[in-house]
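Chemist: Below are the structure tokens for one structure; questions will follow.
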Amino acid sequence: MAARIGLTGGIGSGKSTVLAMLQELGAVAIDADAISRATTAAGGAAIPAIRERFGPEFVTPEGALDRARMRAHAYAQPEARQALERIIHPLVAAGIARQVDAATAAGARCIVLDIPLLVESGRWRGQLDRVLVVDCDPATQVARVAERSGLAPDEVRAIIAAQAPRAQRLAAADVVICNEGLSLEALRNEVAQAARAFGL
């Protein structure tokens, strides 16, 4: 049976880099965000329910979710965000289950589920064998994201504040990779050590 690892970390922690390294070592990656985006893309599985619940004005002429309109609506009415999540989350969970089944059938030894809201949602823990958290100092997060995205430090801090608190992520972790002041080679060694514990 393949080990199912939940991967999470704050913005700028280096989570994507760690995921790529795990894939190099033979892990199969499942991207919850990509599955979620597919449900709200043109012709996506969530579109009929979104049109019914929110109205046709929330669907673009191409048949995709009008993200900007929905973002503004959900910001003004928190219950709208919850209603949208009630539509999307079961579809994402089903999509993940299908991909896990396919990877298991193909003989995968380790499946890494990249779930941005793993800690916040609280509903994934029972489906995972281990939770891997990529961690670093918040000041490092701000510097990395500001450098790569061009956002102002205050904007990055606002994004960090909207994510699960660092302490909450660390409390949920079975394995922590501290990506602070590491060279890529040193990070690769940390990842390889964790991968061995996951059966890779």
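Ordering of the structure tokens sets the chain letters (A, B, ...), residue numbers begin anew at 1 in every chain, and ligands are numbered from 1 in the order given.
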Write down as a ChimeraX atom specification the residues belonging to stretch 8-194 of chain A that are assigned strand (DSSP E or B) by DSSP computed on the backbone.

Modeler: /A:8-9,28-31,59,65,110-114,130-135,175-178

Chemist: Atoms to include: N, CA and C atoms. Write the selected residues as a compact mmCIF listing (two decimals), in the first residue's frame.

Modeler:
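Once written, part.txt looks like this:
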```txt
# COMPACT_ATOMS: atom_id res chain seq x y z
N THR A 8 2.28 20.42 3.14
CA THR A 8 1.80 21.80 3.26
C THR A 8 2.93 22.69 3.77
N GLY A 9 2.67 23.98 3.72
CA GLY A 9 3.66 24.97 4.16
C GLY A 9 3.17 26.34 3.75
N VAL A 28 4.63 10.12 -6.36
CA VAL A 28 3.60 10.60 -7.27
C VAL A 28 2.92 11.79 -6.60
N ALA A 29 2.86 12.91 -7.29
CA ALA A 29 2.28 14.12 -6.71
C ALA A 29 0.84 14.31 -7.18
N ILE A 30 -0.02 14.70 -6.25
CA ILE A 30 -1.39 15.04 -6.57
C ILE A 30 -1.62 16.46 -6.10
N ASP A 31 -2.00 17.32 -7.03
CA ASP A 31 -2.13 18.76 -6.77
C ASP A 31 -3.60 19.12 -6.56
N VAL A 59 -20.73 33.08 -14.23
CA VAL A 59 -20.08 32.20 -15.19
C VAL A 59 -19.73 33.02 -16.43
N LEU A 65 -15.87 29.73 -14.19
CA LEU A 65 -16.20 30.60 -13.07
C LEU A 65 -15.58 31.98 -13.30
N CYS A 110 4.78 5.88 -2.90
CA CYS A 110 4.51 7.07 -2.08
C CYS A 110 3.71 8.08 -2.90
N ILE A 111 2.61 8.52 -2.34
CA ILE A 111 1.76 9.52 -3.01
C ILE A 111 1.77 10.77 -2.14
N VAL A 112 2.17 11.89 -2.73
CA VAL A 112 2.23 13.15 -1.98
C VAL A 112 1.06 14.03 -2.42
N LEU A 113 0.20 14.35 -1.48
CA LEU A 113 -0.94 15.21 -1.76
C LEU A 113 -0.59 16.64 -1.37
N ASP A 114 -0.48 17.49 -2.36
CA ASP A 114 -0.17 18.91 -2.14
C ASP A 114 -1.49 19.63 -1.88
N ARG A 130 0.95 10.46 6.87
CA ARG A 130 1.83 11.43 7.52
C ARG A 130 1.55 12.82 6.96
N VAL A 131 1.85 13.83 7.77
CA VAL A 131 1.79 15.22 7.29
C VAL A 131 3.21 15.79 7.32
N LEU A 132 3.65 16.28 6.16
CA LEU A 132 4.97 16.89 6.01
C LEU A 132 4.79 18.40 5.88
N VAL A 133 5.40 19.14 6.78
CA VAL A 133 5.31 20.61 6.73
C VAL A 133 6.68 21.18 6.37
N VAL A 134 6.69 22.05 5.37
CA VAL A 134 7.91 22.79 5.03
C VAL A 134 7.80 24.13 5.75
N ASP A 135 8.79 24.43 6.56
CA ASP A 135 8.71 25.59 7.45
C ASP A 135 9.92 26.50 7.27
N VAL A 175 6.30 15.29 10.20
CA VAL A 175 7.67 15.54 9.77
C VAL A 175 7.77 17.01 9.38
N VAL A 176 8.83 17.67 9.83
CA VAL A 176 9.05 19.09 9.48
C VAL A 176 10.39 19.20 8.75
N ILE A 177 10.38 19.86 7.60
CA ILE A 177 11.62 20.23 6.93
C ILE A 177 11.79 21.73 7.13
N CYS A 178 12.85 22.09 7.85
CA CYS A 178 13.10 23.52 8.11
C CYS A 178 13.95 24.06 6.97
```

Chemist: Pick out the closest residue to A:Asp66 from this set: A:Leu19, A:His89, A:Thr40, A:Gly126. Count only C-alpha atoms.

Modeler: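 Result for the nearest residue to A:Asp66: A:Thr40.
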
Chemist: If you run DSSP over the backbone, which residues in stretch 17-199 of chain A end up alpha helix (DSSP H)? Put them as a PyMOL selection string.

Modeler: chain A and resi 17-24+32-40+47-54+67-76+78-105+118-121+138-149+153-162+166-172+184-197

Chemist: Fewer than 2 positions away in the same chain doesn't count, so skip those; otherwise give me all residues within 8 Å of A:Ala41, counting only C-alpha atoms, as a PDB file with N, CA and C atoms, in the first residue's frame.

Modeler:
```
ATOM      1  N   ARG A  37      -9.031  23.953  -9.582  1.00  0.00           N
ATOM      2  CA  ARG A  37      -9.137  24.869 -10.725  1.00  0.00           C
ATOM      3  C   ARG A  37      -9.872  24.206 -11.888  1.00  0.00           C
ATOM      4  N   ALA A  38      -9.626  22.903 -12.081  1.00  0.00           N
ATOM      5  CA  ALA A  38     -10.278  22.193 -13.185  1.00  0.00           C
ATOM      6  C   ALA A  38     -11.796  22.137 -12.989  1.00  0.00           C
ATOM      7  N   THR A  39     -12.249  22.065 -11.739  1.00  0.00           N
ATOM      8  CA  THR A  39     -13.705  21.986 -11.506  1.00  0.00           C
ATOM      9  C   THR A  39     -14.403  23.288 -11.864  1.00  0.00           C
ATOM     10  N   GLY A  43     -16.495  24.323 -18.634  1.00  0.00           N
ATOM     11  CA  GLY A  43     -16.996  22.960 -18.700  1.00  0.00           C
ATOM     12  C   GLY A  43     -16.681  22.115 -17.475  1.00  0.00           C
ATOM     13  N   GLY A  44     -16.145  22.743 -16.418  1.00  0.00           N
ATOM     14  CA  GLY A  44     -15.781  22.009 -15.207  1.00  0.00           C
ATOM     15  C   GLY A  44     -16.999  21.476 -14.470  1.00  0.00           C
ATOM     16  N   ILE A  47     -19.403  23.890 -12.497  1.00  0.00           N
ATOM     17  CA  ILE A  47     -20.057  25.026 -13.173  1.00  0.00           C
ATOM     18  C   ILE A  47     -21.594  24.960 -13.112  1.00  0.00           C
ATOM     19  N   GLY A  63     -17.845  29.764 -20.188  1.00  0.00           N
ATOM     20  CA  GLY A  63     -18.334  28.668 -19.350  1.00  0.00           C
ATOM     21  C   GLY A  63     -17.489  28.360 -18.135  1.00  0.00           C
ATOM     22  N   ALA A  64     -16.627  29.307 -17.733  1.00  0.00           N
ATOM     23  CA  ALA A  64     -15.788  29.116 -16.538  1.00  0.00           C
ATOM     24  C   ALA A  64     -16.311  30.009 -15.407  1.00  0.00           C
ATOM     25  N   LEU A  65     -15.868  29.730 -14.192  1.00  0.00           N
ATOM     26  CA  LEU A  65     -16.198  30.602 -13.067  1.00  0.00           C
ATOM     27  C   LEU A  65     -15.578  31.977 -13.300  1.00  0.00           C
TER      28      LEU A  65
END
```

Chemist: Which residue gives the smallest distance to A:Val156 among A:Gly10, A:Ala93, A:Ala173, A:Ala102, with only C-alpha atoms counted?

Modeler: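 Of A:Gly10, A:Ala93, A:Ala173, A:Ala102, the one nearest A:Val156, counting only C-alpha atoms, is A:Gly10.
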
Chemist: What does the distance from atom CA of A:Asp129 to atom CA of A:Gly6 come to in Å, to one decimal?

Modeler: 7.9 Å

Chemist: Hey, can you check how far atom CA of A:Gly199 sits from atom CA of A:Leu117?

Modeler: 24.9 Å

Chemist: For each of A:Ile5, A:Ala106, A:Ala97, A:Leu118, take the minimum atom-to-atom distance to A:Gln163, counting only C-alpha atoms, then give the residue where this is smallest.

Modeler: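 The answer is A:Leu118, which sits nearest to A:Gln163.
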